[in-house]
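Here's the structure we're looking at; comments come further down.
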Number of protein chains: 4
Amino acid sequence: MSIRLAEQSYGKSSVRLTKVTRHPDRHELKELSIDISLEGAFDASYHTGDNTKVVATDTMKNTVYALAASHPLIDNESFALTLAEHFVSRNPQVSAATVHAEEPMWRRIVTPSGWHPHAYIAAGPERRTCQVRKTRDDVSVKAGITGLSVLKTTDSAFRDFVRDEYTTLPDVDDRIFATTVNAVWTYKPTVTGDWNGHHGLICRTMIDVFAEHKSLAVQQTLYAMGEAALATCSAINEIHIALPNQHRIPVNMEPLGLVNRNEIFVTTSEPFGLITATLRREGI
Amino acid sequence: MSIRLAEQSYGKSSVRLTKVTRHPDRHELKELSIDISLEGAFDASYHTGDNTKVVATDTMKNTVYALAASHPLIDNESFALTLAEHFVSRNPQVSAATVHAEEPMWRRIVTPSGWHPHAYIAAGPERRTCQVRKTRDDVSVKAGITGLSVLKTTDSAFRDFVRDEYTTLPDVDDRIFATTVNAVWTYKPTVTGDWNGHHGLICRTMIDVFAEHKSLAVQQTLYAMGEAALATCSAINEIHIALPNQHRIPVNMEPLGLVNRNEIFVTTSEPFGLITATLRREGI
Amino acid sequence: MSIRLAEQSYGKSSVRLTKVTRHPDRHELKELSIDISLEGAFDASYHTGDNTKVVATDTMKNTVYALAASHPLIDNESFALTLAEHFVSRNPQVSAATVHAEEPMWRRIVTPSGWHPHAYIAAGPERRTCQVRKTRDDVSVKAGITGLSVLKTTDSAFRDFVRDEYTTLPDVDDRIFATTVNAVWTYKPTVTGDWNGHHGLICRTMIDVFAEHKSLAVQQTLYAMGEAALATCSAINEIHIALPNQHRIPVNMEPLGLVNRNEIFVTTSEPFGLITATLRREGI
Amino acid sequence: MSIRLAEQSYGKSSVRLTKVTRHPDRHELKELSIDISLEGAFDASYHTGDNTKVVATDTMKNTVYALAASHPLIDNESFALTLAEHFVSRNPQVSAATVHAEEPMWRRIVTPSGWHPHAYIAAGPERRTCQVRKTRDDVSVKAGITGLSVLKTTDSAFRDFVRDEYTTLPDVDDRIFATTVNAVWTYKPTVTGDWNGHHGLICRTMIDVFAEHKSLAVQQTLYAMGEAALATCSAINEIHIALPNQHRIPVNMEPLGLVNRNEIFVTTSEPFGLITATLRREGI
C-alpha cells in the first residue's frame, strides 16, 4: 500500500485589521477580517517537518499589517490583490495565493450637525466579502455579500408542487418571504477599478428585485435577482446566490378559539429551506 | 438539617413572534422574542410534583400568539404590559409576572420609487428591549437597547491612571474608542404612552453624545451619555449603561521596519474592558 | 433637576489564561477565562475623566498572568481569592473586587499505553465556574457549573396543570426530559480547602439524581437535585439551579399514515421552558 | 446578451431528529441534524415559478421523520443512504440527492449502579458527520468528525522556516499545540457495513497519533494522523484533514519583572493558522 499527499494548503485566518486614514476634514475607517491561504511546494513540511519553504503564518499576519500601512484601502479588492501578489512574487515555491476579506458594515453617525467626521455606527448584520486567487499565470477576483437579511410580507406564493404521501404543506398564495442573501460574483478578467461602484450597484439591484418581485417560488426570485445583477453590471460574468427560506409559520389559532387572518406567525431558525443557483453570462 | 425553597420562578423563553398588520397602502411588521416568568405559589410542584397551580409554559407560548392577534403592537411596552396583566389577573396563585421583549431591527427597503410598502431589510445588529414586571400592587416598565456598536477614531484619551509594577500601558492621548452600548432605563410610574418616542429620543441622544464627547475615559463618556439621556427625556428616572471597551491595539511596526502613525490597529474581541454605571434622578 | 451616580464598577473581562505545570512524569494543564470587576472611589473618572484612582484594566490583565506564575493553580477558587485579595489590599480606593473564573473541561487522552502525560482532549461542553467577591470586611466564594447537558428518555411526566382557553398541551405520562444544568452554590464562610473535591461531589450528586428521579415536573427534579447537593455536601449553604426545558416534541405522524410510538421527536432550541429555584439550608 | 442557469440545487437544512428505541433493558438514543439537497430538472421553478417538479422542502422534513420511524438508526450512514435512495428512486426528475447528517455526542450516565439504561450526558463538543451523495448511477459515502478539540503541552516545535523583513516569530523548540480536528474521509465503494466500527477506529487512531507524535510542524502531525488513519482502516481510500493552529502565546513577563518558564500563555481564538491536506491511497 502507498499513500499520497494529494492536495495541501495552509495559511492564516481571521487576521483582523482596523485602519484609520486621517484627512483634515474627516477620517476614513476600514475594518477587515482577512484569511490567507498558500498552495505550493510544501510537501517536505508534511512529510518530514522540514519547514525551509514554509512562510510562517505569523509572517502572513505581519504582512497584512505592513502592507495595510502603505495601501490606500479605498476598496477591499485592490488590497486583496496586493496581498496575493506579494506572496506569489516573493516566494517561488508558492504556486497560488488566495486572499479572502470580509468587512463589517460601519456608517457615519448623523448628528444634528450632519455627517460626523470621525464617529461611526454598525450599519447592519451583513458583511461585504471578496476573494482573490492568484497563480503564476492567472488571477481571479470574486466579491460578494453575506448575511444580508430581507423580508417581504406579501407577493410570495408557493403552489402546485409535487404531492406524495409525506406531503402536508398546503398550496399557499400569500406567505411571508424572509431570507438572508448570500451571493458571490466573479468579475471579468479585464475589470480593474471601481470595485466599490460595482459592489453597490449589484447589491442595490438584488435588493430592489427582491422587494418588487411577484414571487411564485424562492427559486424564481433568486433567478430574477441574479439575472438583474448580470444585466445591470457588465463587469461580472457569473453570480452564485444562496437563499435560505427562513420560514414564518402561521399559528394555528383554531384551538385557541381565534381566527388567524394571515397576521400571526412563529419566527423560526430551523429547519430552513436552502435554494442555490449559479447564473452565467452565455458565450464565455 | 433542614432545607428551604428560598426563591423560585419559571416560565417560557424565546417565544418568537412575527406580526403583520395589513393596511391598504402599506404593511407594518413587528418581530419580537418574548420571555415570560412567573413567581407565586408553586412550591407544591417543586416539593411533590403537584402541578395544579402551574400554568404550563406551553400555554404561555399560546397566550403570546393569542394576545398578539388583538393587540395593535404599535410598541413593545404596551404589549408586554398586556401579557403581564393577563397572567396576574387570571391566576390568583401568581404573585408577579415579568415579561421581557427583544426586537430585532427591520427598516423598509427604499427602492427608486421610495419607501416600499411591504419589503424590509435588517437595519443593524442592535436589539430594542423592554421589561415589564407586574405584581399584585405595582408595575414597573423598563426599556433599553442592546448590541448597539459605535466607534470613534479620535477624541478619546486615557492617561494619569494608577501605575504599579504590573502596569505596562502607556498614557495615550489619541486612541480609538469602540464599544457596544447596552442600556436599560426605568420609566416613571406615571408614564403611559409614546414608548416609541421616548425610546428613539434616548437612543439618539446617547449616540450624539458618544460622537461629540471629548473622552478622557470610557467612564466619563458613559456618564455623559447617561446624564444627557436623563436630561433630555423626562419620562425616565434612572438609566443603567454598560460599555465594553473593545480595544483596537496599535500594531508595533518597528520590528517590520515601518512607522505606525496611529493608523494600523489589531481589532480584538477579548479581553475587553467593561465599564458600568447607574445614573439616577435625585430626590426620587 | 439633579443627577446622581448611583452605582458604578469597571474591570476587565475574558482574560484567557493557559498554564502548564511541568512535573517530571506528567504535565498539568489549566485553562481559565477570568473577569475582574472593581467597585470603589472612581467617581472622578465618571465625572471629570480624572483617572488618578483608576487601576487600568490592562493592568488587571497583566496581574492575572503575573499572579498565575507563582500560584499553583490546583483549583480555581484559591486563584480567584488571590486575585481579589491583590486588588483590595493594594488599592485603598477599592471597596470590593469580584473575580469570576470559567474553565473549559479538558481530560487526558487515553492511548493504548494508558493516561497520556501531556496530551488532552475536550471533555464536554460544560464549564466549571467560580466567583469570589471580596470587600474590606468580608469575602464570599461561590462556584458552579454551566452548560452541562443531560437527557433522559423516560421517567418524566407532566400532568394536572392549569387548563384555560389557551391551553392545548395534553397531560403526558412519559416524555423526554432534556436540559442543561446551570447551577451556582455558595460555600460556608468557614470553608477553605478541597474546592475540587466539593465541586466534583456536587456535580456527581446532581447528575445521579437527574438520572434516577421519577420526575412529575422539571420543578420537582430541580428541587431533588438541589436538596441532594445540600444534603451531600456540608460545605455549602445555598444552591441556585436553573434548568431550561429543552423540548423534544413528538412528531404527529397521523397525516403521514404512520403511528408514532413515542419514538420520533423534533429536537428544538426555542422556545424553551426555564425553571429556577434557590434552596437554602435552614437557620443560617 | 444571454444568461444561463449554470447550476442549481435546493433542499432542507437543519432537520433535527431525536429517536428513542425502547428495548426492555435499556433505551437507545439517537440525535441527528440532517440537511438534504436535490439536483435535477427544476429549471422551470427558477425561470417561471412552475413548481410541478419541485418536491417541497417541507415534504423532505416530513420524510426524515417518516423514514426514521422504520429505520433502526444503528448508524447514521445507512439512514443517510436510505434517505438519498428515497428521493432519487421516487422522483425521476431528481438527478442527485445529497444527505448530510451531523450527530452531537451523548453518552450514558454512569451512576454508582453502573451504566444508566435511559439517562445521558453530553460527551464532548465534537460532532460526528456523514455525507451520502446518490446519483442515478453512483453512490458515495463520506464520514467525518468536526469540532474535536485536542491539545498537547510539549513535543511540538516549529523552526527553520522562511525569514523575510516581516518575520518576527522566533524559532521555537517547545510550544503548545492546540487544535480542533476537522476530518472527512471517503469510503471505498464496496464497503457496506460496520460504519460505527470504522468511525471509531479512525477517530481513535488520529487522537493517538496526535498525542504521541513528535511534531516539527502542524503539517507533519496532520500528515501522520491521515497516514495512520489510511493505514489502519482499509475501508477508506481518502481522508481530508483541516487543523486550525489555535495559538497559545507565551506571555512576555520581563516588563512585569518576572520570568516565564514556558508556563504562562494567552489563549487566543484569532487569528489562527489553518493547515489542510488530502491524503489518498495510491493506485485508485
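In the C-alpha cells, the first chain shown is A, the next is B, and so on; residue numbers restart at 1 for each chain, and ligands run from 1 in the order shown.
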Output as a tab-separated table one row per residue of chain C within 7 Å of chain D: the closest atom pair and its distance in Å to one decimal place, counting only C-alpha atoms, sorted by chain and residue number ascending.
residue	atom	partner	partner_atom	distance
C:Arg16	CA	D:Thr267	CA	5.3
C:Leu17	CA	D:Val266	CA	5.1
C:Thr18	CA	D:Phe265	CA	5.0
C:Lys19	CA	D:Ile264	CA	4.9
C:Val20	CA	D:Glu263	CA	4.9
C:Thr21	CA	D:Glu263	CA	6.4
C:Tyr65	CA	D:Ile264	CA	6.8
C:Ala69	CA	D:Ile264	CA	6.5
C:Thr111	CA	D:Asp208	CA	5.7
C:His118	CA	D:Lys152	CA	5.6
C:Ala119	CA	D:Lys152	CA	4.2
C:Tyr120	CA	D:Leu151	CA	5.2
C:Ile121	CA	D:Val150	CA	4.3
C:Ala122	CA	D:Ser149	CA	5.4
C:Ala123	CA	D:Gly124	CA	5.2
C:Gly124	CA	D:Gly124	CA	3.7
C:Pro125	CA	D:Pro125	CA	5.3
C:Ser149	CA	D:Ala122	CA	5.3
C:Val150	CA	D:Ile121	CA	4.3
C:Leu151	CA	D:Tyr120	CA	5.1
C:Lys152	CA	D:Ala119	CA	4.2
C:Thr153	CA	D:His118	CA	5.6
C:Thr154	CA	D:His118	CA	6.8
C:Asp208	CA	D:Thr111	CA	5.8
C:Ala211	CA	D:Ala119	CA	5.3
C:Glu263	CA	D:Val20	CA	4.9
C:Ile264	CA	D:Lys19	CA	4.9
C:Phe265	CA	D:Thr18	CA	5.0
C:Val266	CA	D:Leu17	CA	5.1
C:Thr267	CA	D:Arg16	CA	5.3
Keeping only N, CA, C and O atoms, write the selected residues to a file as a CSV table (one decimal), in the first residue's frame.
chain,number,residue,atom,x,y,z
C,16,ARG,N,-7.9,35.4,29.1
C,16,ARG,CA,-7.8,34.0,28.9
C,16,ARG,C,-6.4,33.5,29.1
C,16,ARG,O,-5.5,34.0,28.5
C,17,LEU,N,-6.3,32.6,30.0
C,17,LEU,CA,-5.1,32.1,30.5
C,17,LEU,C,-4.9,30.6,30.3
C,17,LEU,O,-5.9,29.8,30.5
C,18,THR,N,-3.8,30.1,29.8
C,18,THR,CA,-3.4,28.7,29.8
C,18,THR,C,-2.1,28.6,30.7
C,18,THR,O,-1.2,29.3,30.4
C,19,LYS,N,-2.2,27.7,31.7
C,19,LYS,CA,-0.9,27.5,32.4
C,19,LYS,C,-0.6,26.0,32.3
C,19,LYS,O,-1.4,25.1,32.5
C,20,VAL,N,0.7,25.8,32.1
C,20,VAL,CA,1.2,24.4,32.1
C,20,VAL,C,2.2,24.2,33.3
C,20,VAL,O,3.1,25.0,33.4
C,21,THR,N,1.9,23.2,34.1
C,21,THR,CA,2.9,22.9,35.2
C,21,THR,C,3.6,21.6,34.8
C,21,THR,O,2.9,20.6,34.6
C,65,TYR,N,-1.8,37.3,34.7
C,65,TYR,CA,-0.7,36.5,34.2
C,65,TYR,C,0.4,36.5,35.2
C,65,TYR,O,1.1,35.4,35.4
C,69,ALA,N,1.7,32.9,37.6
C,69,ALA,CA,3.1,32.3,37.5
C,69,ALA,C,3.5,31.7,38.8
C,69,ALA,O,4.1,30.7,38.9
C,111,THR,N,-4.4,6.6,25.6
C,111,THR,CA,-3.9,5.8,24.5
C,111,THR,C,-3.8,4.3,24.9
C,111,THR,O,-4.0,4.0,26.1
C,118,HIS,N,0.9,14.3,28.7
C,118,HIS,CA,0.8,15.7,28.3
C,118,HIS,C,-0.1,16.0,27.1
C,118,HIS,O,0.0,17.0,26.5
C,119,ALA,N,-1.0,15.1,26.8
C,119,ALA,CA,-2.0,15.3,25.7
C,119,ALA,C,-3.4,15.2,26.2
C,119,ALA,O,-3.7,14.3,27.0
C,120,TYR,N,-4.2,16.2,25.7
C,120,TYR,CA,-5.6,16.4,26.3
C,120,TYR,C,-6.6,16.4,25.2
C,120,TYR,O,-6.3,16.7,24.1
C,121,ILE,N,-7.9,16.1,25.6
C,121,ILE,CA,-9.0,16.2,24.7
C,121,ILE,C,-10.1,17.0,25.4
C,121,ILE,O,-10.3,16.8,26.6
C,122,ALA,N,-10.9,17.8,24.7
C,122,ALA,CA,-12.0,18.5,25.3
C,122,ALA,C,-13.0,17.5,25.8
C,122,ALA,O,-13.4,16.5,25.1
C,123,ALA,N,-13.5,17.7,27.1
C,123,ALA,CA,-14.2,16.6,27.8
C,123,ALA,C,-15.7,16.8,27.7
C,123,ALA,O,-16.4,15.9,28.0
C,124,GLY,N,-16.2,18.0,27.3
C,124,GLY,CA,-17.6,18.2,27.3
C,124,GLY,C,-17.9,19.7,27.1
C,124,GLY,O,-17.0,20.5,27.2
C,125,PRO,N,-19.1,20.0,26.8
C,125,PRO,CA,-19.4,21.4,26.5
C,125,PRO,C,-19.6,22.2,27.8
C,125,PRO,O,-19.6,23.4,27.7
C,149,SER,N,-25.2,19.5,29.7
C,149,SER,CA,-26.4,19.0,29.1
C,149,SER,C,-26.6,17.5,29.4
C,149,SER,O,-25.7,16.7,29.3
C,150,VAL,N,-27.9,17.3,29.9
C,150,VAL,CA,-28.3,15.9,30.2
C,150,VAL,C,-29.7,15.6,29.6
C,150,VAL,O,-30.4,16.6,29.3
C,151,LEU,N,-30.0,14.4,29.4
C,151,LEU,CA,-31.2,14.0,28.8
C,151,LEU,C,-31.7,12.6,29.3
C,151,LEU,O,-30.8,11.7,29.4
C,152,LYS,N,-32.9,12.4,29.6
C,152,LYS,CA,-33.4,11.1,29.9
C,152,LYS,C,-34.6,10.8,29.0
C,152,LYS,O,-35.4,11.7,28.7
C,153,THR,N,-34.7,9.6,28.6
C,153,THR,CA,-35.7,9.2,27.6
C,153,THR,C,-37.1,8.8,28.2
C,153,THR,O,-38.0,8.5,27.5
C,154,THR,N,-37.1,8.6,29.6
C,154,THR,CA,-38.3,8.3,30.2
C,154,THR,C,-38.3,8.7,31.7
C,154,THR,O,-37.4,9.4,32.1
C,208,ASP,N,-26.5,12.2,39.2
C,208,ASP,CA,-27.1,11.0,39.6
C,208,ASP,C,-28.6,11.2,39.9
C,208,ASP,O,-29.4,10.3,39.5
C,211,ALA,N,-30.6,11.4,36.8
C,211,ALA,CA,-30.8,10.1,36.1
C,211,ALA,C,-31.8,9.3,36.8
C,211,ALA,O,-32.6,8.6,36.2
C,263,GLU,N,-41.5,7.5,19.8
C,263,GLU,CA,-40.1,7.2,19.4
C,263,GLU,C,-39.5,8.4,18.6
C,263,GLU,O,-38.3,8.5,18.6
C,264,ILE,N,-40.3,9.1,17.9
C,264,ILE,CA,-39.7,10.1,16.9
C,264,ILE,C,-40.1,11.5,17.4
C,264,ILE,O,-41.3,11.9,17.5
C,265,PHE,N,-39.1,12.4,17.5
C,265,PHE,CA,-39.3,13.7,18.1
C,265,PHE,C,-38.5,14.7,17.3
C,265,PHE,O,-37.5,14.5,16.7
C,266,VAL,N,-39.1,16.0,17.3
C,266,VAL,CA,-38.4,17.1,16.8
C,266,VAL,C,-37.5,17.7,17.9
C,266,VAL,O,-38.1,18.0,19.0
C,267,THR,N,-36.2,17.8,17.7
C,267,THR,CA,-35.3,18.5,18.7
C,267,THR,C,-35.5,20.0,18.5
C,267,THR,O,-35.4,20.5,17.3
- Task: List the neighbours of Thr98 in chain C out to 8 Å using only C-alpha atoms; skip same-chain residues closer than 4 positions along the sequence, and give me the result as a list of chain:residue names.
- Result: C:Ile36, C:Ser37, C:Leu38, C:Ala84, C:Gln131, C:Val132, C:Arg133, C:Lys134
- Task: Excluding Thr146 in chain D and residues on its chain fewer than 2 positions from it, collect all residues at most 12 Å away from it, counting only C-alpha atoms, and give them as number ranges by chain.
- Result: D: 101-105, 124-130, 143-144, 148-150, 179-185, 203, 240-244
Give me, as a PDB file with C-alpha atoms, in the first residue's frame, all polymer residues having an atom no more than 8 Å from range 213-218 of chain A, counting only C-alpha atoms and skipping those fewer than 2 positions away in the same chain.
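Output contents, as saved in around_14.pdb:
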ATOM      1  CA  ASP A 155     -46.179  38.993  -3.054  1.00  0.00           C
ATOM      2  CA  SER A 156     -44.913  35.492  -2.340  1.00  0.00           C
ATOM      3  CA  ALA A 157     -46.708  32.248  -3.216  1.00  0.00           C
ATOM      4  CA  PHE A 158     -45.774  28.577  -3.420  1.00  0.00           C
ATOM      5  CA  ARG A 159     -48.182  26.146  -5.082  1.00  0.00           C
ATOM      6  CA  VAL A 209     -35.690  42.965  -7.262  1.00  0.00           C
ATOM      7  CA  PHE A 210     -36.379  41.134  -4.011  1.00  0.00           C
ATOM      8  CA  ALA A 211     -38.742  43.928  -2.952  1.00  0.00           C
ATOM      9  CA  GLN A 220     -37.867  32.249  -9.215  1.00  0.00           C
ATOM     10  CA  THR A 221     -36.956  35.268  -7.077  1.00  0.00           C
ATOM     11  CA  LEU A 222     -33.368  34.082  -6.786  1.00  0.00           C
ATOM     12  CA  ALA A 224     -34.665  37.232 -11.055  1.00  0.00           C
ATOM     13  CA  LEU A 243     -31.115  31.954  -0.239  1.00  0.00           C
ATOM     14  CA  ASN A 245     -36.040  30.137   3.224  1.00  0.00           C
ATOM     15  CA  ILE A 275     -32.137  27.410  -2.537  1.00  0.00           C
TER      16      ILE A 275
ATOM     17  CA  SER D  45     -39.196  26.822 -10.999  1.00  0.00           C
ATOM     18  CA  TYR D  46     -36.277  29.237 -11.422  1.00  0.00           C
ATOM     19  CA  THR D  48     -41.224  30.849 -14.379  1.00  0.00           C
ATOM     20  CA  GLY D  49     -42.131  29.714 -10.874  1.00  0.00           C
ATOM     21  CA  ASP D  50     -43.608  26.473 -12.258  1.00  0.00           C
ATOM     22  CA  ASN D  51     -43.173  24.118  -9.290  1.00  0.00           C
TER      23      ASN D  51
END
- range 123-273 of chain C: residues DSSP assigns to strand (DSSP E or B), reported as a VMD selection string: chain C and resid 123 to 135 139 to 152 156 158 162 172 177 to 187 215 236 to 245 248 to 250 264 to 267 272 to 273
